[in-house]
Structure formats: C-alpha cells, structure tokens
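Peer 1: Shown below is the structure under consideration.
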Amino acid sequence: MTTPARSGADTAPDAEAGRPAAAGKRTAPGARHPGTTPREQTVPEAAPTGAAPRGLREFYENPAVPVASGDARSLRQARMLAAALGPAAVRPAVVLDVGCGDGTAAATAAPLLAGHRVIGVDWSQDALRRARTRLTDVVRGELSDGRLPFRSGAADAVLFSEVVEHLVDPDSALDELRRVLRPGGHLMLSTPNLAAWYNRALLLAGVQPVFSEVSLRAIHGRPGREVVGHLRLYTARALREFVAASGFEVVRLAGAPFHGVPRPLRPLDRLACAAPSLASILLLHARKT
C-alpha cells in the first residue's frame, strides 16, 4: 500500500500550466497521483482541500502508517507493464506512479522499466520527501477536488498500486486517470482481493476478512495488527466490471502473493496466484479505449 504524497514546488514534465498539483495517491482520503508532460514546469504546492474529513487526512499523513505492499507484487506488476510498453529504445514511455508513497514500489520496478520515465505522484508531503531518495521525478497531486497537474493524454501508462481501496470516490479517480492517459495507454492497477482463499475460510468461520477494516484506530474482529485505512475492497469479478465501466478495456487479470501471510502458508499463497480470483492481490492490466 502506498501513502499520499505531499510536496512543495516540484518539477513535472508536461504538467498543465497554471494548474496546482492536487494531493497524493490516496485521493481525498488517500490517493496518489500521476502526471507529466514534455516540457518541465514548476508545480506549486496545493492548499489542503476540504474533500477529506480532517481525521482521515491526518491518518494518511502519519508516517507510521505502512506504505509498502511487498516486492513480489511490485515485480509482477512491473513485468506486466514492461511487456505492454516494450523496449524503451523503440519508444520511451512516460509512466505515472499515482499514489507512489515512499517510492519503494517504483524503485523495485525501475530495473524492468529502464529507459522509461517514471514519475511519482502523491499528496503526502512526508511520502514525497522519502520518495525523492528513490525517484528522480516526484510531483504533488491529488485525484479528488480537481484535476491532476498534467495535460490530457500526457501519460503512456499509469501505475495505480494499492490505492483504489483507500478512496471515497473511486469512480472519479478512474475518470481522471483515463484523462491523463493517451489513447491506448495502459492502466496497471493492483488491490487486495476480498475473496482471497483465506478470506473465504474466515467468512465461513464468522471472522472479519483480512484487508477489511472497521476502524482507523485499531483492528477488530480479524487477524492482523496494522491499520492502513482500507475503505473499499474488490473481488476479481467486481474489479473487472468496475474498470470496464470506467471506459477501459481489461487486457489481463493476474494474482500476486501477500507479504503478510504467515510463513508456513506462503507456498499455498503463491500457488493460489494461478487462479486470480483466489489470490491475495489482484493485478489488473487495462487499456484506455
């Protein structure tokens, strides 16, 4: 999972002139953001918006909130994107990591995306400060309450990793991601699977599913200790239908393991990836129609 990004005047290639950056990967409550264009422009810091409840925004600004989603997911997603983009020598691409958090996921993917330009976007200033140690380009942006600081069609691809589950308004978020993508551009979205193999067993036993949360203060009714602010969860079928309804063509749905699965169960978790509907993490590749 990734946290929102914050940042003062950041350089964004292809940013829309005169448009302030919105705030980070978790939109209005927790979204990260992308954006870039050909010429470099200074993106002014955006004033805090009232879109998110104060307590929720403060929750995502807390540096203690976990932002990493695991190297296994990042690598699988990067391989899917690299295959879709092709060699950078043929055509270098602009990739927006919307909701980049501390930049760990993008840094993990970087060797597979060599030659392509990856720009981290988030509304959390603390996250962006940390992301600058790993990424060359970071921009403050927010998916809610306005447009991202990039012109329409500026990006060849958008990484949207572990963000959609944090959003109050995921429909508007996907509309905005579609706007900044060029025709035929790639959306690489990942999110926890509500119907993961162990969640099915937990529900049968009357236990709250993993990844779901009923409070921002503590975990109640399910295994685990870390509160990460999940507001929405998807099954494989729901995710496909949701993305398709937002104007994308779903190309592929794959599965990835979850780093939080107890060690003795990890072989089973990796095996479940062969059937995405049972996997811990859903990896979806879609194209803008």
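Identifiers in this document derive from the order of the structure tokens: chains are assigned A, B, ..., residues are numbered from 1 separately in each chain, and ligands are numbered from 1 in order of occurrence.
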In stretch 67-167 of chain A, what's strand (DSSP E or B) per DSSP? Answer as a list in words?
Peer 2: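 Matching residues for strand (DSSP E or B) in stretch 67-167 of chain A are Val94, Val95, Leu96, Asp97, Val98, Arg117, Val118, Ile119, Gly120, Val121, Asp122, Asp137, Val138, Val139, Arg140, Ala155, Asp156, Ala157, Val158, Leu159, Phe160 and Ser161 of chain A.
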Peer 1: Keeping only C-alpha atoms, write those residues as a short mmCIF file (atom, residue, chain, number, x, y, z; two decimals), in the first residue's frame.
Peer 2:
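In the end it all went to selection.cif:
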data_model
loop_
_atom_site.label_atom_id
_atom_site.label_comp_id
_atom_site.auth_asym_id
_atom_site.auth_seq_id
_atom_site.Cartn_x
_atom_site.Cartn_y
_atom_site.Cartn_z
CA VAL A 94 6.09 8.31 -19.52
CA VAL A 95 4.81 6.29 -16.58
CA LEU A 96 2.93 7.96 -13.74
CA ASP A 97 3.05 6.17 -10.39
CA VAL A 98 -0.10 7.65 -8.87
CA ARG A 117 10.47 7.79 -17.36
CA VAL A 118 8.71 7.05 -14.06
CA ILE A 119 7.17 9.99 -12.20
CA GLY A 120 5.94 9.57 -8.66
CA VAL A 121 2.75 11.38 -7.65
CA ASP A 122 1.29 11.62 -4.17
CA ASP A 137 10.82 12.90 -10.53
CA VAL A 138 8.13 13.40 -7.89
CA VAL A 139 5.07 15.66 -8.10
CA ARG A 140 2.42 16.55 -5.60
CA ALA A 155 1.00 9.62 -19.92
CA ASP A 156 1.66 6.34 -21.69
CA ALA A 157 0.93 4.33 -18.56
CA VAL A 158 -0.32 4.75 -15.02
CA LEU A 159 0.67 2.59 -12.07
CA PHE A 160 -2.15 2.62 -9.53
CA SER A 161 -0.89 0.28 -6.86
#
Peer 1: Once DSSP has gone over the backbone, tell me which residues of stretch 88-227 of chain A are in alpha helix (DSSP H), as a short mmCIF file (atom, residue, chain, number, x, y, z; two decimals) with all heavy atoms, in the first residue's frame.
Peer 2:
data_model
loop_
_atom_site.label_atom_id
_atom_site.label_comp_id
_atom_site.auth_asym_id
_atom_site.auth_seq_id
_atom_site.Cartn_x
_atom_site.Cartn_y
_atom_site.Cartn_z
N THR A 104 9.03 3.13 -2.87
CA THR A 104 9.62 1.79 -2.80
C THR A 104 9.19 0.93 -3.99
O THR A 104 10.02 0.26 -4.61
CB THR A 104 9.21 1.09 -1.49
OG1 THR A 104 9.69 1.86 -0.38
CG2 THR A 104 9.80 -0.31 -1.42
N ALA A 105 7.90 0.94 -4.30
CA ALA A 105 7.40 0.10 -5.39
C ALA A 105 8.00 0.49 -6.73
O ALA A 105 8.42 -0.36 -7.53
CB ALA A 105 5.88 0.16 -5.44
N ALA A 106 8.07 1.80 -6.99
CA ALA A 106 8.64 2.27 -8.26
C ALA A 106 10.12 1.94 -8.35
O ALA A 106 10.62 1.57 -9.42
CB ALA A 106 8.43 3.78 -8.40
N ALA A 107 10.83 2.04 -7.23
CA ALA A 107 12.26 1.72 -7.23
C ALA A 107 12.47 0.23 -7.48
O ALA A 107 13.42 -0.17 -8.17
CB ALA A 107 12.87 2.11 -5.88
N THR A 108 11.58 -0.60 -6.97
CA THR A 108 11.66 -2.04 -7.20
C THR A 108 11.43 -2.36 -8.67
O THR A 108 12.08 -3.24 -9.25
CB THR A 108 10.62 -2.79 -6.34
OG1 THR A 108 10.88 -2.53 -4.96
CG2 THR A 108 10.67 -4.29 -6.59
N ALA A 109 10.52 -1.61 -9.30
CA ALA A 109 10.19 -1.85 -10.71
C ALA A 109 11.19 -1.24 -11.67
O ALA A 109 11.26 -1.64 -12.83
CB ALA A 109 8.79 -1.28 -11.00
N GLN A 125 3.16 15.03 1.77
CA GLN A 125 4.48 15.65 1.69
C GLN A 125 5.54 14.78 2.33
O GLN A 125 6.68 14.72 1.86
CB GLN A 125 4.44 17.04 2.35
CG GLN A 125 3.60 18.03 1.57
CD GLN A 125 3.65 19.42 2.16
OE1 GLN A 125 4.48 19.71 3.01
NE2 GLN A 125 2.75 20.28 1.72
N ASP A 126 5.18 14.08 3.39
CA ASP A 126 6.15 13.19 4.03
C ASP A 126 6.51 12.06 3.09
O ASP A 126 7.68 11.69 2.96
CB ASP A 126 5.57 12.63 5.33
CG ASP A 126 6.52 11.66 6.00
OD1 ASP A 126 7.54 12.10 6.56
OD2 ASP A 126 6.25 10.43 5.95
N ALA A 127 5.51 11.50 2.41
CA ALA A 127 5.78 10.41 1.46
C ALA A 127 6.65 10.90 0.32
O ALA A 127 7.59 10.22 -0.09
CB ALA A 127 4.46 9.85 0.93
N LEU A 128 6.37 12.07 -0.21
CA LEU A 128 7.17 12.60 -1.32
C LEU A 128 8.60 12.89 -0.90
O LEU A 128 9.53 12.70 -1.68
CB LEU A 128 6.52 13.87 -1.88
CG LEU A 128 5.25 13.67 -2.70
CD1 LEU A 128 4.76 15.01 -3.24
CD2 LEU A 128 5.47 12.70 -3.85
N ARG A 129 8.75 13.36 0.33
CA ARG A 129 10.10 13.62 0.83
C ARG A 129 10.92 12.33 0.81
O ARG A 129 12.09 12.32 0.40
CB ARG A 129 10.03 14.18 2.25
CG ARG A 129 11.39 14.39 2.91
CD ARG A 129 11.24 14.92 4.33
NE ARG A 129 10.42 14.04 5.15
CZ ARG A 129 10.87 12.90 5.70
NH1 ARG A 129 12.11 12.50 5.47
NH2 ARG A 129 10.08 12.17 6.45
N ARG A 130 10.31 11.23 1.22
CA ARG A 130 11.01 9.95 1.22
C ARG A 130 11.16 9.40 -0.20
O ARG A 130 12.17 8.78 -0.54
CB ARG A 130 10.26 8.95 2.10
CG ARG A 130 10.37 9.26 3.59
CD ARG A 130 9.61 8.25 4.42
NE ARG A 130 8.17 8.50 4.38
CZ ARG A 130 7.25 7.60 4.73
NH1 ARG A 130 7.61 6.39 5.11
NH2 ARG A 130 5.97 7.91 4.69
N ALA A 131 10.16 9.66 -1.04
CA ALA A 131 10.21 9.17 -2.42
C ALA A 131 11.36 9.81 -3.20
O ALA A 131 11.93 9.20 -4.11
CB ALA A 131 8.88 9.44 -3.12
N PRO A 170 -13.86 6.28 -5.96
CA PRO A 170 -13.01 5.63 -6.96
C PRO A 170 -13.45 5.87 -8.39
O PRO A 170 -12.64 5.82 -9.31
CB PRO A 170 -13.11 4.15 -6.58
CG PRO A 170 -14.42 4.02 -5.89
CD PRO A 170 -14.60 5.31 -5.14
N ASP A 171 -14.73 6.16 -8.60
CA ASP A 171 -15.23 6.40 -9.96
C ASP A 171 -14.57 7.65 -10.56
O ASP A 171 -14.06 7.63 -11.69
CB ASP A 171 -16.74 6.58 -9.95
CG ASP A 171 -17.45 5.37 -9.37
OD1 ASP A 171 -17.69 4.40 -10.12
OD2 ASP A 171 -17.75 5.39 -8.16
N SER A 172 -14.57 8.74 -9.79
CA SER A 172 -13.95 9.97 -10.27
C SER A 172 -12.44 9.79 -10.45
O SER A 172 -11.84 10.38 -11.35
CB SER A 172 -14.21 11.11 -9.28
OG SER A 172 -15.60 11.42 -9.24
N ALA A 173 -11.84 8.98 -9.59
CA ALA A 173 -10.39 8.74 -9.69
C ALA A 173 -10.06 8.07 -11.02
O ALA A 173 -9.13 8.48 -11.72
CB ALA A 173 -9.92 7.88 -8.53
N LEU A 174 -10.81 7.05 -11.40
CA LEU A 174 -10.54 6.37 -12.67
C LEU A 174 -10.85 7.28 -13.85
O LEU A 174 -10.16 7.20 -14.89
CB LEU A 174 -11.33 5.07 -12.77
CG LEU A 174 -10.46 3.82 -12.52
CD1 LEU A 174 -9.93 3.80 -11.11
CD2 LEU A 174 -11.23 2.54 -12.83
N ASP A 175 -11.84 8.15 -13.72
CA ASP A 175 -12.11 9.12 -14.78
C ASP A 175 -10.89 10.00 -15.01
O ASP A 175 -10.52 10.31 -16.15
CB ASP A 175 -13.31 10.00 -14.41
CG ASP A 175 -14.63 9.27 -14.49
OD1 ASP A 175 -14.68 8.18 -15.09
OD2 ASP A 175 -15.62 9.79 -13.93
N GLU A 176 -10.25 10.42 -13.92
CA GLU A 176 -9.09 11.30 -14.03
C GLU A 176 -7.88 10.55 -14.58
O GLU A 176 -7.11 11.09 -15.38
CB GLU A 176 -8.78 11.93 -12.67
CG GLU A 176 -7.61 12.88 -12.66
CD GLU A 176 -7.78 14.11 -13.55
OE1 GLU A 176 -8.81 14.22 -14.27
OE2 GLU A 176 -6.88 14.96 -13.56
N LEU A 177 -7.70 9.31 -14.17
CA LEU A 177 -6.60 8.52 -14.72
C LEU A 177 -6.79 8.31 -16.22
O LEU A 177 -5.83 8.36 -17.00
CB LEU A 177 -6.51 7.17 -14.01
CG LEU A 177 -6.20 7.20 -12.51
CD1 LEU A 177 -6.07 5.78 -11.97
CD2 LEU A 177 -4.93 8.00 -12.24
N ARG A 178 -8.01 8.10 -16.62
CA ARG A 178 -8.31 7.92 -18.05
C ARG A 178 -7.99 9.21 -18.81
O ARG A 178 -7.49 9.16 -19.93
CB ARG A 178 -9.77 7.53 -18.23
CG ARG A 178 -10.13 7.12 -19.66
CD ARG A 178 -11.55 6.56 -19.73
NE ARG A 178 -11.84 6.09 -21.08
CZ ARG A 178 -12.23 6.87 -22.07
NH1 ARG A 178 -12.39 8.16 -21.87
NH2 ARG A 178 -12.47 6.36 -23.27
N ARG A 179 -8.27 10.36 -18.20
CA ARG A 179 -8.00 11.63 -18.87
C ARG A 179 -6.51 11.82 -19.14
O ARG A 179 -6.12 12.26 -20.23
CB ARG A 179 -8.51 12.80 -18.01
CG ARG A 179 -8.29 14.17 -18.67
CD ARG A 179 -8.60 15.32 -17.73
NE ARG A 179 -7.62 15.43 -16.65
CZ ARG A 179 -6.43 16.00 -16.77
NH1 ARG A 179 -6.03 16.51 -17.94
NH2 ARG A 179 -5.61 16.08 -15.74
N VAL A 180 -5.66 11.52 -18.17
CA VAL A 180 -4.23 11.79 -18.35
C VAL A 180 -3.55 10.75 -19.23
O VAL A 180 -2.42 10.96 -19.67
CB VAL A 180 -3.49 11.90 -16.99
CG1 VAL A 180 -4.07 13.04 -16.16
CG2 VAL A 180 -3.53 10.59 -16.22
N TRP A 197 -8.22 -16.64 -0.92
CA TRP A 197 -8.52 -18.00 -0.45
C TRP A 197 -8.75 -18.08 1.06
O TRP A 197 -9.66 -18.76 1.52
CB TRP A 197 -7.41 -18.96 -0.88
CG TRP A 197 -6.04 -18.63 -0.37
CD1 TRP A 197 -5.15 -17.76 -0.90
CD2 TRP A 197 -5.42 -19.18 0.79
NE1 TRP A 197 -3.99 -17.71 -0.16
CE2 TRP A 197 -4.13 -18.58 0.89
CE3 TRP A 197 -5.80 -20.11 1.76
CZ2 TRP A 197 -3.23 -18.89 1.92
CZ3 TRP A 197 -4.91 -20.42 2.78
CH2 TRP A 197 -3.64 -19.81 2.86
N TYR A 198 -7.96 -17.37 1.84
CA TYR A 198 -8.12 -17.44 3.30
C TYR A 198 -9.31 -16.61 3.77
O TYR A 198 -9.93 -16.95 4.79
CB TYR A 198 -6.84 -16.97 4.00
CG TYR A 198 -6.17 -15.79 3.37
CD1 TYR A 198 -6.62 -14.49 3.60
CD2 TYR A 198 -5.09 -15.96 2.51
CE1 TYR A 198 -6.01 -13.41 3.00
CE2 TYR A 198 -4.48 -14.88 1.91
CZ TYR A 198 -4.94 -13.60 2.16
OH TYR A 198 -4.35 -12.53 1.55
N ASN A 199 -9.67 -15.56 3.03
CA ASN A 199 -10.84 -14.77 3.42
C ASN A 199 -12.13 -15.57 3.28
O ASN A 199 -13.07 -15.39 4.05
CB ASN A 199 -10.93 -13.50 2.58
CG ASN A 199 -10.01 -12.41 3.09
OD1 ASN A 199 -9.52 -12.49 4.22
ND2 ASN A 199 -9.78 -11.39 2.28
N ARG A 200 -12.16 -16.46 2.30
CA ARG A 200 -13.34 -17.31 2.14
C ARG A 200 -13.52 -18.21 3.36
O ARG A 200 -14.64 -18.39 3.87
CB ARG A 200 -13.22 -18.14 0.86
CG ARG A 200 -13.10 -17.27 -0.39
CD ARG A 200 -13.08 -18.10 -1.66
NE ARG A 200 -12.84 -17.25 -2.84
CZ ARG A 200 -13.31 -17.50 -4.05
NH1 ARG A 200 -14.06 -18.57 -4.25
NH2 ARG A 200 -13.04 -16.70 -5.06
N ALA A 201 -12.41 -18.74 3.84
CA ALA A 201 -12.47 -19.60 5.03
C ALA A 201 -12.82 -18.79 6.27
O ALA A 201 -13.61 -19.24 7.12
CB ALA A 201 -11.13 -20.31 5.22
N LEU A 202 -12.25 -17.59 6.38
CA LEU A 202 -12.53 -16.75 7.55
C LEU A 202 -14.01 -16.37 7.62
O LEU A 202 -14.62 -16.39 8.69
CB LEU A 202 -11.66 -15.49 7.50
CG LEU A 202 -10.17 -15.70 7.75
CD1 LEU A 202 -9.40 -14.39 7.52
CD2 LEU A 202 -9.91 -16.21 9.17
N LEU A 203 -14.59 -16.01 6.47
CA LEU A 203 -16.00 -15.64 6.47
C LEU A 203 -16.89 -16.81 6.88
O LEU A 203 -17.87 -16.63 7.60
CB LEU A 203 -16.40 -15.13 5.08
CG LEU A 203 -16.11 -13.66 4.78
CD1 LEU A 203 -16.36 -13.35 3.31
CD2 LEU A 203 -16.96 -12.75 5.67
N LEU A 204 -16.54 -17.99 6.43
CA LEU A 204 -17.31 -19.17 6.82
C LEU A 204 -17.27 -19.39 8.33
O LEU A 204 -18.21 -19.90 8.93
CB LEU A 204 -16.79 -20.41 6.09
CG LEU A 204 -17.15 -20.53 4.61
CD1 LEU A 204 -16.45 -21.74 3.99
CD2 LEU A 204 -18.67 -20.65 4.43
#
Peer 1: To one decimal place in Å, what is the distance between atom CA of A:Leu233 and atom CA of A:Leu189?
Peer 2: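 So the answer is 13.2 Å.
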Peer 1: Mind running stretch 56-141 of chain A against stretch 250-253 of chain A at 12 Å and telling me each contacting residue's nearest atom pair with the distance in Å (one decimal), counting only C-alpha atoms, chain and number ascending, as CSV?
Peer 2:
residue,atom,partner,partner_atom,distance
A:Arg76,CA,A:Leu253,CA,11.6
A:Gln77,CA,A:Leu253,CA,10.7
A:Met80,CA,A:Arg252,CA,9.2
A:Leu81,CA,A:Arg252,CA,11.2
A:Ala84,CA,A:Val251,CA,10.1
Peer 1: If we count only C-alpha atoms and set the cut-off at 8 Å, which residues sit around A:Arg73, ignoring sequence neighbours fewer than 5 positions away in its own chain? Please answer as a PyMOL selection string.
Peer 2: chain A and resi 256-258+281
Peer 1: Output the selection as a short mmCIF file (atom, residue, chain, number, x, y, z; two decimals), in the first residue's frame - N, CA, C and O atoms for each residue.
Peer 2:
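This is the output file again.cif:
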data_model
loop_
_atom_site.label_atom_id
_atom_site.label_comp_id
_atom_site.auth_asym_id
_atom_site.auth_seq_id
_atom_site.Cartn_x
_atom_site.Cartn_y
_atom_site.Cartn_z
N ALA A 256 -1.15 -11.98 -7.25
CA ALA A 256 0.15 -11.83 -6.60
C ALA A 256 0.01 -12.23 -5.14
O ALA A 256 -1.06 -12.12 -4.56
N PRO A 257 1.11 -12.68 -4.53
CA PRO A 257 1.06 -13.07 -3.12
C PRO A 257 1.08 -11.86 -2.20
O PRO A 257 1.41 -10.75 -2.61
N PHE A 258 0.73 -12.08 -0.94
CA PHE A 258 0.70 -11.03 0.07
C PHE A 258 1.82 -11.29 1.09
O PHE A 258 1.91 -12.37 1.66
N ILE A 281 -3.61 -10.73 -3.86
CA ILE A 281 -3.60 -9.42 -4.51
C ILE A 281 -4.03 -9.56 -5.96
O ILE A 281 -3.59 -10.48 -6.66
#
Peer 1: Choose the residue, out of A:Leu135, A:Leu239, A:Ala154, A:Ala82, that has the smallest atom-to-atom separation from A:Ala114; count only C-alpha atoms.
Peer 2: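 Closest candidate: A:Ala82.
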Peer 1: Of the residues A:His186, A:His166, A:His116, A:Arg225, which is the one nearest to A:Lys288, using only C-alpha atoms?
Peer 2: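 Between A:His186, A:His166, A:His116, A:Arg225, the residue approaching A:Lys288 most closely is A:His186.
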Peer 1: Taking into account only C-alpha atoms, which residue in the set A:Ala236, A:Ala254, A:Ala244, A:Ala93 is nearest to A:Cys273?
Peer 2: A:Ala254
Peer 1: Write out as a ChimeraX atom specification each polymer residue whose atoms come within 8 Å of A:Pro192, counting only C-alpha atoms; drop sequence neighbours fewer than 2 positions from it.
Peer 2: /A:162,165,190,194,211,233-234,280-282
Peer 1: For the residues in that selection, give me all heavy atoms as a PDB file, in the first residue's frame.
Peer 2:
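Contents of selection_32.pdb, freshly written:
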ATOM      1  N   GLU A 162      -2.272  -0.371  -5.006  1.00  0.00           N
ATOM      2  CA  GLU A 162      -2.788  -0.356  -3.641  1.00  0.00           C
ATOM      3  C   GLU A 162      -3.317   1.031  -3.272  1.00  0.00           C
ATOM      4  O   GLU A 162      -3.052   1.532  -2.177  1.00  0.00           O
ATOM      5  CB  GLU A 162      -1.696  -0.763  -2.634  1.00  0.00           C
ATOM      6  CG  GLU A 162      -0.762  -1.860  -3.101  1.00  0.00           C
ATOM      7  CD  GLU A 162      -1.458  -3.199  -3.351  1.00  0.00           C
ATOM      8  OE1 GLU A 162      -1.806  -3.890  -2.398  1.00  0.00           O
ATOM      9  OE2 GLU A 162      -1.644  -3.541  -4.531  1.00  0.00           O
ATOM     10  N   GLU A 165      -8.378   1.029  -2.986  1.00  0.00           N
ATOM     11  CA  GLU A 165      -9.062   0.590  -1.762  1.00  0.00           C
ATOM     12  C   GLU A 165      -9.122   1.676  -0.696  1.00  0.00           C
ATOM     13  O   GLU A 165      -9.824   1.536   0.309  1.00  0.00           O
ATOM     14  CB  GLU A 165      -8.391  -0.670  -1.188  1.00  0.00           C
ATOM     15  CG  GLU A 165      -6.962  -0.488  -0.738  1.00  0.00           C
ATOM     16  CD  GLU A 165      -5.947  -0.768  -1.830  1.00  0.00           C
ATOM     17  OE1 GLU A 165      -6.329  -0.748  -3.019  1.00  0.00           O
ATOM     18  OE2 GLU A 165      -4.774  -1.010  -1.483  1.00  0.00           O
ATOM     19  N   SER A 190      -3.464  -2.437  -8.946  1.00  0.00           N
ATOM     20  CA  SER A 190      -3.410  -3.569  -8.026  1.00  0.00           C
ATOM     21  C   SER A 190      -4.174  -3.223  -6.760  1.00  0.00           C
ATOM     22  O   SER A 190      -4.219  -2.061  -6.340  1.00  0.00           O
ATOM     23  CB  SER A 190      -1.962  -3.940  -7.688  1.00  0.00           C
ATOM     24  OG  SER A 190      -1.327  -2.925  -6.946  1.00  0.00           O
ATOM     25  N   LEU A 194     -10.780  -9.197  -1.876  1.00  0.00           N
ATOM     26  CA  LEU A 194     -11.741  -9.518  -0.817  1.00  0.00           C
ATOM     27  C   LEU A 194     -12.010 -11.015  -0.749  1.00  0.00           C
ATOM     28  O   LEU A 194     -12.218 -11.574   0.334  1.00  0.00           O
ATOM     29  CB  LEU A 194     -13.055  -8.766  -1.074  1.00  0.00           C
ATOM     30  CG  LEU A 194     -14.226  -9.083  -0.141  1.00  0.00           C
ATOM     31  CD1 LEU A 194     -13.878  -8.751   1.306  1.00  0.00           C
ATOM     32  CD2 LEU A 194     -15.472  -8.332  -0.583  1.00  0.00           C
ATOM     33  N   PHE A 211      -7.683  -7.577   5.228  1.00  0.00           N
ATOM     34  CA  PHE A 211      -7.703  -6.373   4.390  1.00  0.00           C
ATOM     35  C   PHE A 211      -8.869  -5.449   4.744  1.00  0.00           C
ATOM     36  O   PHE A 211      -8.803  -4.256   4.500  1.00  0.00           O
ATOM     37  CB  PHE A 211      -7.775  -6.669   2.882  1.00  0.00           C
ATOM     38  CG  PHE A 211      -6.714  -7.595   2.380  1.00  0.00           C
ATOM     39  CD1 PHE A 211      -7.041  -8.744   1.681  1.00  0.00           C
ATOM     40  CD2 PHE A 211      -5.371  -7.328   2.606  1.00  0.00           C
ATOM     41  CE1 PHE A 211      -6.066  -9.596   1.204  1.00  0.00           C
ATOM     42  CE2 PHE A 211      -4.383  -8.175   2.134  1.00  0.00           C
ATOM     43  CZ  PHE A 211      -4.726  -9.318   1.441  1.00  0.00           C
ATOM     44  N   LEU A 233     -13.139  -2.744  -0.888  1.00  0.00           N
ATOM     45  CA  LEU A 233     -12.465  -3.975  -1.288  1.00  0.00           C
ATOM     46  C   LEU A 233     -13.196  -4.574  -2.484  1.00  0.00           C
ATOM     47  O   LEU A 233     -14.413  -4.435  -2.622  1.00  0.00           O
ATOM     48  CB  LEU A 233     -12.419  -4.980  -0.138  1.00  0.00           C
ATOM     49  CG  LEU A 233     -11.490  -4.630   1.027  1.00  0.00           C
ATOM     50  CD1 LEU A 233     -11.637  -5.656   2.155  1.00  0.00           C
ATOM     51  CD2 LEU A 233     -10.044  -4.572   0.565  1.00  0.00           C
ATOM     52  N   TYR A 234     -12.437  -5.273  -3.343  1.00  0.00           N
ATOM     53  CA  TYR A 234     -12.974  -5.804  -4.591  1.00  0.00           C
ATOM     54  C   TYR A 234     -12.712  -7.298  -4.710  1.00  0.00           C
ATOM     55  O   TYR A 234     -11.671  -7.793  -4.278  1.00  0.00           O
ATOM     56  CB  TYR A 234     -12.313  -5.107  -5.788  1.00  0.00           C
ATOM     57  CG  TYR A 234     -12.524  -3.620  -5.846  1.00  0.00           C
ATOM     58  CD1 TYR A 234     -11.761  -2.759  -5.049  1.00  0.00           C
ATOM     59  CD2 TYR A 234     -13.474  -3.066  -6.694  1.00  0.00           C
ATOM     60  CE1 TYR A 234     -11.959  -1.380  -5.098  1.00  0.00           C
ATOM     61  CE2 TYR A 234     -13.667  -1.686  -6.758  1.00  0.00           C
ATOM     62  CZ  TYR A 234     -12.915  -0.853  -5.951  1.00  0.00           C
ATOM     63  OH  TYR A 234     -13.107   0.500  -6.006  1.00  0.00           O
ATOM     64  N   SER A 280      -4.197 -13.405  -3.196  1.00  0.00           N
ATOM     65  CA  SER A 280      -4.233 -12.361  -2.172  1.00  0.00           C
ATOM     66  C   SER A 280      -4.371 -10.973  -2.786  1.00  0.00           C
ATOM     67  O   SER A 280      -5.120 -10.126  -2.301  1.00  0.00           O
ATOM     68  CB  SER A 280      -2.953 -12.408  -1.335  1.00  0.00           C
ATOM     69  OG  SER A 280      -2.941 -13.504  -0.472  1.00  0.00           O
ATOM     70  N   ILE A 281      -3.610 -10.730  -3.858  1.00  0.00           N
ATOM     71  CA  ILE A 281      -3.595  -9.425  -4.511  1.00  0.00           C
ATOM     72  C   ILE A 281      -4.027  -9.563  -5.964  1.00  0.00           C
ATOM     73  O   ILE A 281      -3.591 -10.485  -6.659  1.00  0.00           O
ATOM     74  CB  ILE A 281      -2.181  -8.795  -4.464  1.00  0.00           C
ATOM     75  CG1 ILE A 281      -1.649  -8.747  -3.038  1.00  0.00           C
ATOM     76  CG2 ILE A 281      -2.200  -7.408  -5.094  1.00  0.00           C
ATOM     77  CD1 ILE A 281      -2.421  -7.838  -2.101  1.00  0.00           C
ATOM     78  N   LEU A 282      -4.878  -8.661  -6.415  1.00  0.00           N
ATOM     79  CA  LEU A 282      -5.327  -8.650  -7.804  1.00  0.00           C
ATOM     80  C   LEU A 282      -4.482  -7.662  -8.606  1.00  0.00           C
ATOM     81  O   LEU A 282      -4.309  -6.512  -8.195  1.00  0.00           O
ATOM     82  CB  LEU A 282      -6.797  -8.239  -7.880  1.00  0.00           C
ATOM     83  CG  LEU A 282      -7.800  -9.146  -7.150  1.00  0.00           C
ATOM     84  CD1 LEU A 282      -9.186  -8.504  -7.138  1.00  0.00           C
ATOM     85  CD2 LEU A 282      -7.847 -10.518  -7.805  1.00  0.00           C
TER      86      LEU A 282
END
